[in-house]
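Step one of this worksheet: look at the structure below.
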Amino acid sequence: MTDIDLKIEHFVRAQVESTFPGHAIVGEEYGRADDLGDYVWYIDSIDGSINCAHNLPWSCFSISLTKSGIPIVGVVATSYDASWLSTYHVTGSEDIDSPDIDTTTG
């Protein structure tokens, strides 16, 4: 773990808490809330901390959201080449080309 890991996770937690109050957060650096509830965000601020600390381009940022244990969305991104991967879970009548995933309501 580095100071950068802690700062990134702290920043992301603050953004999630202000945007989605009531959602729980599980982070690699700061752990998890006591009550996870329906919506849970999972954060790995830097996967490959040692590589990042040594300025090696093999690390990434990961975040995902689950509802009742079912993954809704996940993103893995790297700043070295500005690449990212994402996925989301589609159910019911949602259109895969223009998903409307409302994470603010239960």
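Following the order of the structure tokens, chains are lettered A, B, ..., residues in each are numbered from 1, and ligands are numbered from 1.
The environment of Val16 (chain A) within 12 Å, counting only C-alpha atoms and disregarding residues fewer than 3 places along the same chain, consists of Glu9, His10, Phe11, Val12, Arg13, Thr19, Phe20, Pro21, Gly22, His23, Ala24, Ile25, Val26, Gly27, Tyr39, Val40, Trp41, Tyr42, Ile43, Ile63, Ser64, Leu65, Thr103 and Thr104 of chain A.
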Please identify all polymer residues within 12 Å of Asn55 (chain A), counting only C-alpha atoms, omitting same-chain residues fewer than 6 positions from it, and present them as a PDB file with N, CA and C atoms, in the first residue's frame.
ATOM      1  N   GLY A  48      -1.720  -3.122  -8.390  1.00  0.00           N
ATOM      2  CA  GLY A  48      -0.340  -3.047  -8.867  1.00  0.00           C
ATOM      3  C   GLY A  48       0.383  -1.856  -8.247  1.00  0.00           C
ATOM      4  N   SER A  49       0.185  -1.667  -6.946  1.00  0.00           N
ATOM      5  CA  SER A  49       0.757  -0.505  -6.235  1.00  0.00           C
ATOM      6  C   SER A  49       2.277  -0.405  -6.370  1.00  0.00           C
ATOM      7  N   SER A  79      -4.126   4.642 -16.399  1.00  0.00           N
ATOM      8  CA  SER A  79      -3.787   5.992 -16.867  1.00  0.00           C
ATOM      9  C   SER A  79      -2.582   5.990 -17.801  1.00  0.00           C
ATOM     10  N   TYR A  80      -1.907   4.862 -17.903  1.00  0.00           N
ATOM     11  CA  TYR A  80      -0.691   4.809 -18.722  1.00  0.00           C
ATOM     12  C   TYR A  80      -0.984   4.954 -20.206  1.00  0.00           C
TER      13      TYR A  80
END
12 Å contact set for Asp81 (chain A), only C-alpha atoms, chain neighbours under 2 positions out, as a short mmCIF file (atom, residue, chain, number, x, y, z; two decimals) with C-alpha atoms, in the first residue's frame:
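As a result, around19.cif now contains:
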data_model
loop_
_atom_site.label_atom_id
_atom_site.label_comp_id
_atom_site.auth_asym_id
_atom_site.auth_seq_id
_atom_site.Cartn_x
_atom_site.Cartn_y
_atom_site.Cartn_z
CA PRO A 57 3.02 0.88 -16.53
CA TRP A 58 1.35 -2.23 -15.09
CA SER A 59 -1.29 -1.04 -12.70
CA CYS A 60 -4.94 -0.06 -12.88
CA ALA A 77 -8.92 1.68 -16.08
CA THR A 78 -5.26 2.53 -16.52
CA SER A 79 -3.79 5.99 -16.87
CA SER A 83 -7.46 2.43 -21.75
CA TRP A 84 -10.38 1.04 -19.82
#
Going by DSSP on the backbone, which bits of chain A are strand (DSSP E or B)? Write them as an NGL selection string, please. :A and (24-27 or 31-32 or 39-47 or 60-67 or 70-77 or 84-88)
Write to file, as a CSV table (one decimal), in the first residue's frame, the residues of the selection just made, with C-alpha atoms.
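As written to disk, out33.csv reads:
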chain,number,residue,atom,x,y,z
A,24,ALA,CA,-22.1,0.8,1.1
A,25,ILE,CA,-18.4,0.8,0.1
A,26,VAL,CA,-15.8,-1.9,0.3
A,27,GLY,CA,-12.3,-0.7,-0.4
A,31,GLY,CA,-12.1,-1.9,4.4
A,32,ARG,CA,-15.9,-2.0,4.5
A,39,TYR,CA,-26.0,-1.5,-3.1
A,40,VAL,CA,-22.3,-2.0,-2.5
A,41,TRP,CA,-19.4,-0.4,-4.3
A,42,TYR,CA,-16.1,-2.3,-4.5
A,43,ILE,CA,-12.9,-0.2,-5.0
A,44,ASP,CA,-9.3,-1.2,-5.7
A,45,SER,CA,-7.6,2.2,-5.9
A,46,ILE,CA,-4.4,0.8,-7.4
A,47,ASP,CA,-4.1,-2.8,-8.5
A,60,CYS,CA,-4.9,-0.1,-12.9
A,61,PHE,CA,-7.9,1.3,-11.0
A,62,SER,CA,-11.0,-0.9,-10.5
A,63,ILE,CA,-14.5,-0.1,-9.3
A,64,SER,CA,-17.7,-2.1,-9.4
A,65,LEU,CA,-21.3,-1.8,-8.1
A,66,THR,CA,-23.5,-4.7,-7.0
A,67,LYS,CA,-27.2,-4.8,-6.0
A,70,ILE,CA,-25.5,-9.2,-8.3
A,71,PRO,CA,-22.9,-7.2,-10.2
A,72,ILE,CA,-24.4,-4.2,-12.0
A,73,VAL,CA,-21.4,-2.4,-13.4
A,74,GLY,CA,-17.6,-2.7,-13.3
A,75,VAL,CA,-14.8,-0.6,-14.7
A,76,VAL,CA,-11.0,-1.2,-14.9
A,77,ALA,CA,-8.9,1.7,-16.1
A,84,TRP,CA,-10.4,1.0,-19.8
A,85,LEU,CA,-12.7,-1.9,-19.8
A,86,SER,CA,-16.3,-1.9,-18.6
A,87,THR,CA,-19.2,-4.2,-18.2
A,88,TYR,CA,-22.7,-4.0,-17.0
Using the chain letters and numbers from this document, which residues of chain A does DSSP assign to helix (DSSP H, G or I), as a ChimeraX atom specification? /A:3-19,49-53
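The residue that comes closest to Glu28 (chain A), out of A:Ile50, A:Met1, A:Leu56, A:Ala14 and on the basis of only C-alpha atoms, is A:Met1.
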Separation of CA of Thr2 (chain A) from CA of His54 (chain A), in Å and rounded to one decimal: 11.1 Å
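Distances to Ile4 (chain A) were evaluated for A:Leu36, A:Tyr30, A:Ala82, A:Cys52 using only C-alpha atoms, and the minimum falls at A:Cys52.
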